[in-house]
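Novice: This is work33.csv (CSV, C-alpha atoms).
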chain,number,residue,atom,x,y,z
A,124,MET,CA,33.6,-9.8,54.7
A,125,ASP,CA,34.2,-11.1,51.2
A,126,THR,CA,32.5,-14.4,52.1
A,127,LEU,CA,29.6,-12.5,53.5
A,128,GLY,CA,29.3,-10.5,50.3
A,129,LYS,CA,29.3,-13.7,48.2
A,130,THR,CA,26.7,-15.3,50.4
A,131,THR,CA,24.5,-12.2,50.0
A,132,ASP,CA,24.9,-12.3,46.2
A,133,LEU,CA,24.0,-16.0,46.3
A,134,ASP,CA,20.9,-15.3,48.4
A,135,THR,CA,19.8,-12.5,46.0
A,136,SER,CA,20.2,-14.6,42.9
A,137,THR,CA,18.4,-17.6,44.5
A,138,GLU,CA,15.6,-15.3,45.5
A,139,GLN,CA,15.5,-13.8,42.0
A,140,ALA,CA,15.4,-17.3,40.5
A,141,ALA,CA,12.4,-18.2,42.6
A,142,ARG,CA,10.7,-15.0,41.6
A,143,VAL,CA,11.3,-15.7,37.9
A,144,ALA,CA,10.1,-19.2,38.4
A,145,ALA,CA,6.9,-17.8,39.9
A,146,LEU,CA,6.5,-15.4,37.0
A,147,PHE,CA,6.9,-18.2,34.5
A,148,ARG,CA,4.2,-20.3,36.2
A,149,GLU,CA,1.8,-17.5,36.5
A,150,HIS,CA,2.3,-15.5,33.3
A,151,ASN,CA,4.1,-17.6,30.7
A,152,ARG,CA,1.0,-18.3,28.8
A,153,ALA,CA,0.1,-14.6,28.7
A,154,LEU,CA,3.7,-13.6,27.8
A,155,ILE,CA,3.8,-16.1,24.9
A,156,ALA,CA,0.3,-14.9,23.7
A,157,PHE,CA,1.5,-11.2,23.9
A,158,LEU,CA,4.7,-11.9,22.0
A,159,GLN,CA,3.0,-14.1,19.4
A,160,CYS,CA,0.6,-11.2,18.8
A,161,ARG,CA,3.5,-8.8,18.4
A,162,LEU,CA,5.7,-11.0,16.3
A,163,ASN,CA,3.0,-13.0,14.4
A,164,SER,CA,5.1,-16.2,15.1
A,165,PHE,CA,4.7,-18.7,17.9
A,166,SER,CA,8.3,-20.0,17.6
A,167,ASP,CA,9.7,-16.4,17.7
A,168,ALA,CA,7.5,-15.7,20.7
A,169,GLN,CA,9.0,-18.7,22.5
A,170,GLU,CA,12.5,-17.7,21.8
A,171,VAL,CA,12.0,-14.1,22.8
A,172,ALA,CA,10.2,-15.2,26.0
A,173,GLN,CA,13.2,-17.4,26.9
A,174,GLU,CA,15.6,-14.5,26.4
A,175,ALA,CA,13.4,-12.3,28.5
A,176,TYR,CA,13.5,-14.8,31.4
A,177,VAL,CA,17.3,-14.9,31.1
A,178,ARG,CA,17.5,-11.1,31.3
A,179,MET,CA,15.3,-11.3,34.4
A,180,LEU,CA,17.6,-13.9,36.0
A,181,THR,CA,20.7,-11.8,35.4
A,182,LEU,CA,19.4,-8.5,36.7
A,183,GLU,CA,22.1,-6.7,38.7
A,184,ARG,CA,19.7,-5.2,41.3
A,185,PRO,CA,16.5,-7.2,41.2
A,186,ASP,CA,15.3,-5.8,44.5
A,187,GLU,CA,15.0,-2.3,42.9
A,188,VAL,CA,12.4,-3.5,40.5
A,189,VAL,CA,9.0,-2.5,41.7
A,190,SER,CA,6.9,-4.8,39.6
A,191,GLN,CA,8.7,-7.9,38.3
A,192,ARG,CA,5.8,-8.8,36.0
A,193,ALA,CA,5.6,-5.3,34.4
A,194,TYR,CA,9.4,-5.4,34.0
A,195,LEU,CA,9.3,-8.9,32.4
A,196,PHE,CA,6.7,-7.7,29.8
A,197,ARG,CA,8.7,-4.5,29.2
A,198,ILE,CA,11.9,-6.5,28.5
A,199,ALA,CA,9.9,-8.8,26.3
A,200,ALA,CA,8.2,-6.0,24.4
A,201,ASN,CA,11.6,-4.4,23.7
A,202,LEU,CA,13.2,-7.7,22.6
A,203,ALA,CA,10.2,-8.2,20.3
A,204,LEU,CA,10.7,-4.7,18.8
A,205,ASP,CA,14.4,-5.5,18.1
A,206,ARG,CA,13.4,-8.8,16.4
A,207,LEU,CA,10.8,-6.9,14.2
A,208,ARG,CA,13.6,-4.5,13.2
A,209,MET,CA,16.0,-7.3,12.4
A,210,ARG,CA,13.2,-9.0,10.4
A,211,LYS,CA,12.6,-5.8,8.4
A,212,VAL,CA,16.3,-5.5,7.6
A,213,ARG,CA,16.4,-9.2,6.5
A,214,ASN,CA,13.3,-8.7,4.4
A,215,ASP,CA,14.8,-5.6,2.7
A,216,MET,CA,17.9,-7.6,1.8
A,217,PRO,CA,16.6,-11.1,0.9
A,218,ILE,CA,19.2,-13.8,0.7
A,219,GLU,CA,19.2,-15.5,-2.7
A,220,LEU,CA,18.3,-19.1,-2.4
A,221,PRO,CA,20.2,-21.7,-4.5
A,222,ALA,CA,18.3,-22.6,-7.6
A,223,ASP,CA,17.8,-26.2,-6.4
A,224,GLU,CA,15.8,-25.0,-3.4
A,225,LEU,CA,13.5,-22.9,-5.5
A,226,HIS,CA,12.3,-25.9,-7.5
A,227,LEU,CA,11.3,-28.1,-4.6
A,228,PRO,CA,7.9,-29.7,-5.2
A,229,PRO,CA,5.2,-28.5,-2.8
A,230,ILE,CA,3.8,-31.0,-0.3
A,231,PRO,CA,0.4,-32.0,-1.9
A,232,GLU,CA,-1.6,-32.6,1.3
A,233,ARG,CA,-0.5,-29.3,2.8
A,234,HIS,CA,-1.2,-27.4,-0.4
A,235,VAL,CA,-4.7,-28.8,-0.5
A,236,SER,CA,-5.6,-28.1,3.1
A,237,THR,CA,-4.2,-24.5,3.0
A,238,GLY,CA,-6.0,-23.9,-0.3
A,239,GLU,CA,-9.2,-25.1,1.3
A,240,GLN,CA,-8.7,-22.9,4.3
A,241,TRP,CA,-8.1,-19.8,2.2
A,242,ARG,CA,-11.3,-20.5,0.2
A,243,GLU,CA,-13.3,-20.9,3.4
A,244,LEU,CA,-11.9,-17.6,4.8
A,245,GLN,CA,-12.6,-15.9,1.5
A,246,LYS,CA,-16.2,-17.1,1.8
A,247,ALA,CA,-16.4,-15.8,5.3
A,248,LEU,CA,-15.1,-12.4,4.1
A,249,ARG,CA,-17.9,-12.3,1.4
A,250,GLU,CA,-20.5,-12.7,4.2
A,251,LEU,CA,-19.3,-9.3,5.6
A,252,PRO,CA,-20.3,-5.8,4.5
A,253,ALA,CA,-17.9,-4.6,1.8
A,254,LYS,CA,-16.3,-1.9,4.0
A,255,THR,CA,-15.6,-4.5,6.7
A,256,SER,CA,-13.8,-6.9,4.4
A,257,GLN,CA,-12.0,-4.0,2.6
A,258,ALA,CA,-10.6,-2.6,5.9
A,259,PHE,CA,-9.6,-6.1,7.0
A,260,VAL,CA,-7.8,-6.9,3.8
A,261,MET,CA,-6.0,-3.6,3.6
A,262,HIS,CA,-4.8,-3.7,7.2
A,263,VAL,CA,-4.2,-7.4,7.9
A,264,ILE,CA,-3.3,-8.7,4.5
A,265,GLU,CA,-1.7,-5.7,2.8
A,266,GLY,CA,-0.2,-4.5,6.1
A,267,ARG,CA,-1.3,-0.9,5.7
A,268,ASP,CA,-1.4,1.3,8.8
A,269,PHE,CA,-4.8,2.4,10.2
A,270,HIS,CA,-4.3,6.0,9.2
A,271,ILE,CA,-3.6,5.1,5.5
A,272,VAL,CA,-6.6,2.7,5.4
A,273,ALA,CA,-8.7,5.5,6.9
A,274,GLN,CA,-7.5,8.0,4.2
A,275,VAL,CA,-8.2,5.6,1.4
A,276,MET,CA,-11.7,4.6,2.7
A,277,LYS,CA,-12.5,8.1,3.8
A,278,LEU,CA,-13.4,6.9,7.3
A,279,SER,CA,-12.1,7.6,10.8
A,280,GLU,CA,-9.3,5.4,12.2
A,281,ARG,CA,-11.7,4.4,14.9
A,282,MET,CA,-14.2,3.1,12.3
A,283,VAL,CA,-11.4,1.3,10.5
A,284,ARG,CA,-10.4,-0.5,13.7
A,285,TYR,CA,-14.0,-1.4,14.3
A,286,HIS,CA,-14.4,-3.0,10.8
A,287,VAL,CA,-11.1,-4.9,11.2
A,288,THR,CA,-12.1,-6.2,14.6
A,289,ASN,CA,-15.5,-7.4,13.3
A,290,ALA,CA,-13.9,-9.1,10.3
A,291,LEU,CA,-11.3,-10.8,12.5
A,292,ALA,CA,-13.9,-12.1,15.0
A,293,HIS,CA,-16.1,-13.3,12.2
A,294,CYS,CA,-13.3,-15.1,10.4
A,295,ARG,CA,-12.1,-16.8,13.6
A,296,ALA,CA,-15.7,-17.9,14.4
A,297,ARG,CA,-15.9,-19.4,10.8
A,298,VAL,CA,-12.6,-21.2,11.2
A,299,ASP,CA,-13.7,-22.6,14.6
A,300,GLU,CA,-16.9,-23.9,12.9
A,301,MET,CA,-14.8,-25.5,10.2
A,302,GLU,CA,-12.2,-27.0,12.4
A,303,MET,CA,-14.5,-28.1,15.3
A,304,PRO,CA,-17.8,-29.2,13.8
B,57,MET,CA,-20.9,-24.4,22.3
B,58,PRO,CA,-19.5,-24.8,25.9
B,59,GLY,CA,-15.8,-24.1,26.4
B,60,ILE,CA,-15.5,-22.3,23.0
B,61,PRO,CA,-15.5,-18.5,23.0
B,62,ASP,CA,-18.5,-17.0,21.3
B,63,GLU,CA,-18.3,-14.3,18.6
B,64,LYS,CA,-18.8,-11.5,21.1
B,65,MET,CA,-15.8,-12.7,23.1
B,66,LEU,CA,-13.8,-13.1,19.9
B,67,HIS,CA,-14.7,-9.6,19.1
B,68,ALA,CA,-13.2,-8.3,22.4
B,69,ALA,CA,-10.1,-10.6,21.8
B,70,ALA,CA,-9.7,-9.2,18.3
B,71,ASP,CA,-9.9,-5.6,19.7
B,72,TRP,CA,-7.1,-6.5,22.2
B,73,TRP,CA,-5.1,-8.1,19.4
B,74,LEU,CA,-5.2,-4.9,17.4
B,75,ARG,CA,-4.4,-2.8,20.4
B,76,LEU,CA,-1.4,-4.9,21.4
B,77,ARG,CA,0.0,-5.1,17.9
B,78,ASN,CA,0.0,-1.3,17.7
B,79,HIS,CA,1.2,-1.1,21.2
B,80,ASP,CA,3.5,1.8,21.9
B,81,GLY,CA,5.3,0.2,24.8
B,82,SER,CA,3.2,1.6,27.7
B,83,ASP,CA,2.8,-0.7,30.7
B,84,ASP,CA,-0.8,0.5,31.2
B,85,ILE,CA,-2.1,-1.3,28.1
B,86,ILE,CA,-0.4,-4.6,29.1
B,87,GLU,CA,-1.8,-4.3,32.6
B,88,GLN,CA,-5.3,-3.7,31.3
B,89,TRP,CA,-5.0,-6.6,28.9
B,90,LEU,CA,-3.8,-8.9,31.7
B,91,THR,CA,-6.7,-7.8,33.8
B,92,TRP,CA,-9.1,-8.7,31.0
B,93,THR,CA,-7.4,-12.1,30.4
B,94,ARG,CA,-7.8,-13.0,34.1
B,95,ALA,CA,-11.5,-11.9,34.2
B,96,ASP,CA,-12.6,-15.1,32.4
B,97,ARG,CA,-10.9,-18.3,31.5
B,98,LEU,CA,-12.2,-18.1,28.0
B,99,HIS,CA,-10.8,-14.6,27.4
B,100,MET,CA,-7.2,-15.9,27.1
B,101,GLU,CA,-8.6,-18.8,25.0
B,102,ALA,CA,-10.3,-16.3,22.6
B,103,PHE,CA,-7.2,-14.1,22.4
B,104,GLU,CA,-5.0,-17.1,21.6
B,105,ARG,CA,-7.4,-18.2,18.8
B,106,VAL,CA,-7.4,-14.7,17.3
B,107,THR,CA,-3.6,-14.6,17.5
B,108,GLU,CA,-3.3,-18.0,15.9
B,109,LEU,CA,-5.5,-16.8,13.0
B,110,GLY,CA,-3.4,-13.7,12.7
B,111,GLU,CA,-0.3,-15.8,12.4
B,112,ARG,CA,-2.0,-18.0,9.8
B,113,LEU,CA,-3.0,-15.0,7.8
B,114,GLY,CA,0.7,-13.9,7.9
B,115,THR,CA,1.6,-17.0,5.9
B,116,ILE,CA,-0.9,-16.3,3.1
B,117,ASP,CA,0.6,-17.2,-0.3
B,118,ALA,CA,1.2,-14.5,-3.0
B,119,PHE,CA,-1.6,-15.8,-5.3
B,120,THR,CA,-4.3,-15.9,-2.6
B,121,ARG,CA,-3.1,-12.5,-1.4
B,122,ARG,CA,-3.5,-11.0,-4.8
B,123,GLN,CA,-6.9,-12.6,-5.3
B,124,TRP,CA,-8.2,-11.2,-2.0
B,125,ILE,CA,-6.9,-7.7,-2.7
B,126,ASP,CA,-8.5,-7.8,-6.1
B,127,GLU,CA,-11.8,-8.9,-4.8
B,128,PHE,CA,-12.1,-7.0,-1.5
B,129,ALA,CA,-9.7,-4.0,-1.7
B,130,PRO,CA,-9.0,-3.2,-5.4
B,131,PRO,CA,-6.7,-0.3,-5.9
B,132,VAL,CA,-8.6,2.9,-6.2
B,133,VAL,CA,-7.9,4.7,-9.5
B,134,ALA,CA,-8.0,8.4,-9.0
B,135,ARG,CA,-10.9,9.7,-11.1
B,136,ARG,CA,-9.7,12.7,-13.1
B,137,SER,CA,-12.1,15.4,-14.3
B,138,TRP,CA,-12.3,15.4,-18.1
B,139,LEU,CA,-12.5,19.1,-18.3
B,140,PRO,CA,-8.9,20.0,-17.7
B,141,LEU,CA,-7.8,17.3,-20.0
B,142,ALA,CA,-10.1,18.5,-22.7
B,143,ALA,CA,-9.0,22.1,-22.3
B,144,ALA,CA,-5.3,21.0,-22.5
B,145,ALA,CA,-6.0,19.0,-25.7
B,146,ALA,CA,-7.9,22.0,-27.2
B,147,ALA,CA,-5.1,24.3,-26.4
B,148,VAL,CA,-2.5,22.0,-28.0
B,149,PHE,CA,-4.8,21.5,-31.1
B,150,ALA,CA,-5.3,25.3,-31.4
B,151,LEU,CA,-1.5,25.9,-31.1
B,152,PHE,CA,-0.7,23.2,-33.7
B,153,GLY,CA,-3.4,24.5,-36.1
B,154,GLY,CA,-2.3,28.1,-35.7
B,155,TYR,CA,1.3,27.0,-36.4
B,156,VAL,CA,0.3,25.1,-39.6
B,157,ALA,CA,-1.9,27.9,-40.9
B,158,TRP,CA,0.8,30.5,-40.2
B,159,SER,CA,3.6,28.5,-41.9
B,160,THR,CA,1.4,27.7,-44.9
B,161,PHE,CA,0.3,31.3,-45.4
B,162,ASN,CA,3.8,32.5,-45.1
B,163,ALA,CA,5.1,30.0,-47.6
B,164,ALA,CA,2.4,30.4,-50.2
B,165,VAL,CA,1.7,34.1,-50.3
B,166,THR,CA,4.3,36.8,-50.9
B,167,THR,CA,3.0,40.2,-51.5
B,168,ALA,CA,4.8,43.0,-53.3
B,169,SER,CA,3.7,46.3,-54.6
B,170,TYR,CA,4.7,47.6,-58.0
B,171,THR,CA,3.7,50.9,-59.5
B,172,SER,CA,4.2,52.1,-63.0
B,173,ALA,CA,3.7,55.5,-64.3
B,174,VAL,CA,0.7,56.3,-66.5
B,175,ALA,CA,1.1,54.8,-70.0
B,176,GLN,CA,4.4,53.2,-68.9
B,177,ASN,CA,5.2,49.6,-69.8
B,178,ARG,CA,7.0,47.6,-67.1
B,179,ILE,CA,7.9,43.9,-66.9
B,180,ILE,CA,8.2,42.3,-63.5
B,181,ASN,CA,9.9,38.9,-63.2
B,182,LEU,CA,8.5,36.7,-60.4
B,183,PRO,CA,10.6,34.2,-58.5
B,184,ASP,CA,8.8,31.3,-60.1
B,185,GLY,CA,9.8,32.4,-63.6
B,186,SER,CA,6.5,34.1,-64.5
B,187,THR,CA,6.5,37.7,-65.7
B,188,VAL,CA,3.9,40.4,-65.3
B,189,THR,CA,3.9,43.0,-68.0
B,190,MET,CA,2.2,46.2,-66.8
B,191,GLY,CA,0.7,48.4,-69.5
B,192,GLU,CA,-0.1,45.4,-71.8
B,193,PRO,CA,-3.6,44.2,-72.6
B,194,PRO,CA,-4.7,41.5,-70.0
B,195,CYS,CA,-4.4,37.9,-71.2
B,196,LEU,CA,-4.8,35.2,-68.6
B,197,PRO,CA,-3.5,31.9,-70.0
B,198,GLN,CA,-5.4,28.5,-69.5
B,199,GLY,CA,-4.2,26.4,-66.6
B,200,LEU,CA,-2.9,29.2,-64.5
B,201,ARG,CA,-2.2,27.8,-61.1
B,202,ALA,CA,-2.7,29.2,-57.7
B,203,ALA,CA,0.9,30.3,-57.5
B,204,ASN,CA,0.2,32.8,-60.1
B,205,ALA,CA,-2.5,34.4,-58.1
B,206,VAL,CA,0.2,36.8,-57.2
B,207,LEU,CA,-1.7,38.8,-59.7
B,208,ASN,CA,-4.1,39.7,-57.0
B,209,SER,CA,-1.4,41.2,-55.0
B,210,VAL,CA,-0.3,43.5,-57.7
B,211,PRO,CA,-2.1,46.7,-57.4
B,212,VAL,CA,-3.4,47.5,-60.9
B,213,ARG,CA,-5.1,50.7,-61.5
B,214,HIS,CA,-8.3,50.5,-63.4
B,215,PHE,CA,-6.8,52.3,-66.4
B,216,SER,CA,-3.7,50.1,-66.6
B,217,ARG,CA,-3.4,47.1,-68.7
B,218,TRP,CA,-1.4,44.0,-67.8
B,219,ARG,CA,-0.4,40.6,-69.1
B,220,ILE,CA,0.8,37.5,-67.3
B,221,THR,CA,3.2,35.0,-68.8
B,222,PRO,CA,3.4,31.9,-66.5
B,223,ASN,CA,6.4,29.8,-66.2
B,224,SER,CA,6.0,26.9,-68.7
B,225,HIS,CA,6.2,24.1,-66.1
B,226,LEU,CA,3.2,25.6,-64.2
B,227,SER,CA,0.8,25.7,-67.1
Can you turn what I pasted into structure tokens?

Specialist:
Amino acid sequence: MDTLGKTTDLDTSTEQAARVAALFREHNRALIAFLQCRLNSFSDAQEVAQEAYVRMLTLERPDEVVSQRAYLFRIAANLALDRLRMRKVRNDMPIELPADELHLPPIPERHVSTGEQWRELQKALRELPAKTSQAFVMHVIEGRDFHIVAQVMKLSERMVRYHVTNALAHCRARVDEMEMP
Amino acid sequence: MPGIPDEKMLHAAADWWLRLRNHDGSDDIIEQWLTWTRADRLHMEAFERVTELGERLGTIDAFTRRQWIDEFAPPVVARRSWLPLAAAAAAVFALFGGYVAWSTFNAAVTTASYTSAVAQNRIINLPDGSTVTMGEPPCLPQGLRAANAVLNSVPVRHFSRWRITPNSHLS
């Protein structure tokens, strides 16, 4: 009886491993993109995705899960939320770096290329209507919520979202032109 | 450009980027997004490009950030109406002026009434050392200062005669 139970458990975990492998093949790219969007960091997205797969593999009753894909994304979304909270706590209490680390010289090539990139993006923002670039800077750069931007700009949240979307698409198109001539 | 998402597609991707960032955890949004990504090979490509730009913008240095905010979203200074401020200033000015006038008047003028009987001589000594003699012929010395204008406050009947002797240091 005991052996039969162990065999059943083994079958279940093998089946679940196969399901998770299939999920990885089909949805890993989307999962990483989703997490990168939530976390604003590709490396954090990869770590969280890995943790989500581990959670899927160690589910106690995988057969009870109706949609494995929906469950995977839900686990990933919750893990991302946890990470954002941890990040906020860390940012609120910054660790003081030793004085030596603060005086490291910048890498010249990198400094030049990022400076050039910001200038190009600034130019792209100047091409937009004033309200569009304002909404974009307030939401994406300053990190203000839509409702606050809407209050300041005396617009509806829907309009603010529209302006931010336009600016993002325009900036991305300009970056593409710059990087892929 | 073939294989590169156009601006319209980037616009749709940017819209999804914003929706997922402000995602409340509902499965429906994710399902709709996954459906969109599978509708066209370039949809996911466009989304990844927007996401990559979002990440890049998250690393903007403090100097550039300040520059962009100053240029595109300068802080709005609340415009105050000048009328309440002017009214407040006028009220303060009026109160101050009133206080100064009141204290000056109080310090400079002391009034007192003296009466003498008909044909009676009476000498009144003032606090500053001057004397007023009632019933004497009037004689107003040269150099009489304002302090001595107390004379004005002394009721003198038209048939009375009076003389003022100012304090020596006032003349």

Novice: Could you list, as JSON, numbers by chain, the residues of chain A having an atom within 9 Å of chain B when counting all atoms listed in the file?

Specialist: {"A": [152, 153, 156, 157, 159, 160, 161, 162, 163, 164, 165, 193, 194, 196, 197, 200, 201, 237, 238, 241, 242, 245, 248, 249, 253, 254, 256, 257, 258, 259, 260, 261, 263, 264, 265, 275, 284, 285, 287, 288, 289, 290, 291, 292, 293, 294, 295, 296, 298, 299]}

Novice: So the first atom is CA of Thr181 (chain A) and the second is CA of Gln88 (chain B); what is the distance between them in Å, to one decimal place?

Specialist: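 About the pair CA of Thr181 (chain A) and CA of Gln88 (chain B): they are 27.5 Å apart.
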
Novice: Suppose you want the space between CA of Ile155 (chain A) and CA of Glu239 (chain A); what is it in Å?

Specialist: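 Between CA of Ile155 (chain A) and CA of Glu239 (chain A) the gap works out to 28.4 Å.
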
Novice: What does the distance from CA of Glu170 (chain A) to CA of Leu154 (chain A) come to in Å, to one decimal?

Specialist: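 Those two atoms sit 11.4 Å apart.
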
Novice: With all atoms listed in the file as the atoms that count, which of A:Ala247, A:Met276, A:Ala172, A:Leu182 lies nearest to His262 (chain A)?

Specialist: A:Met276
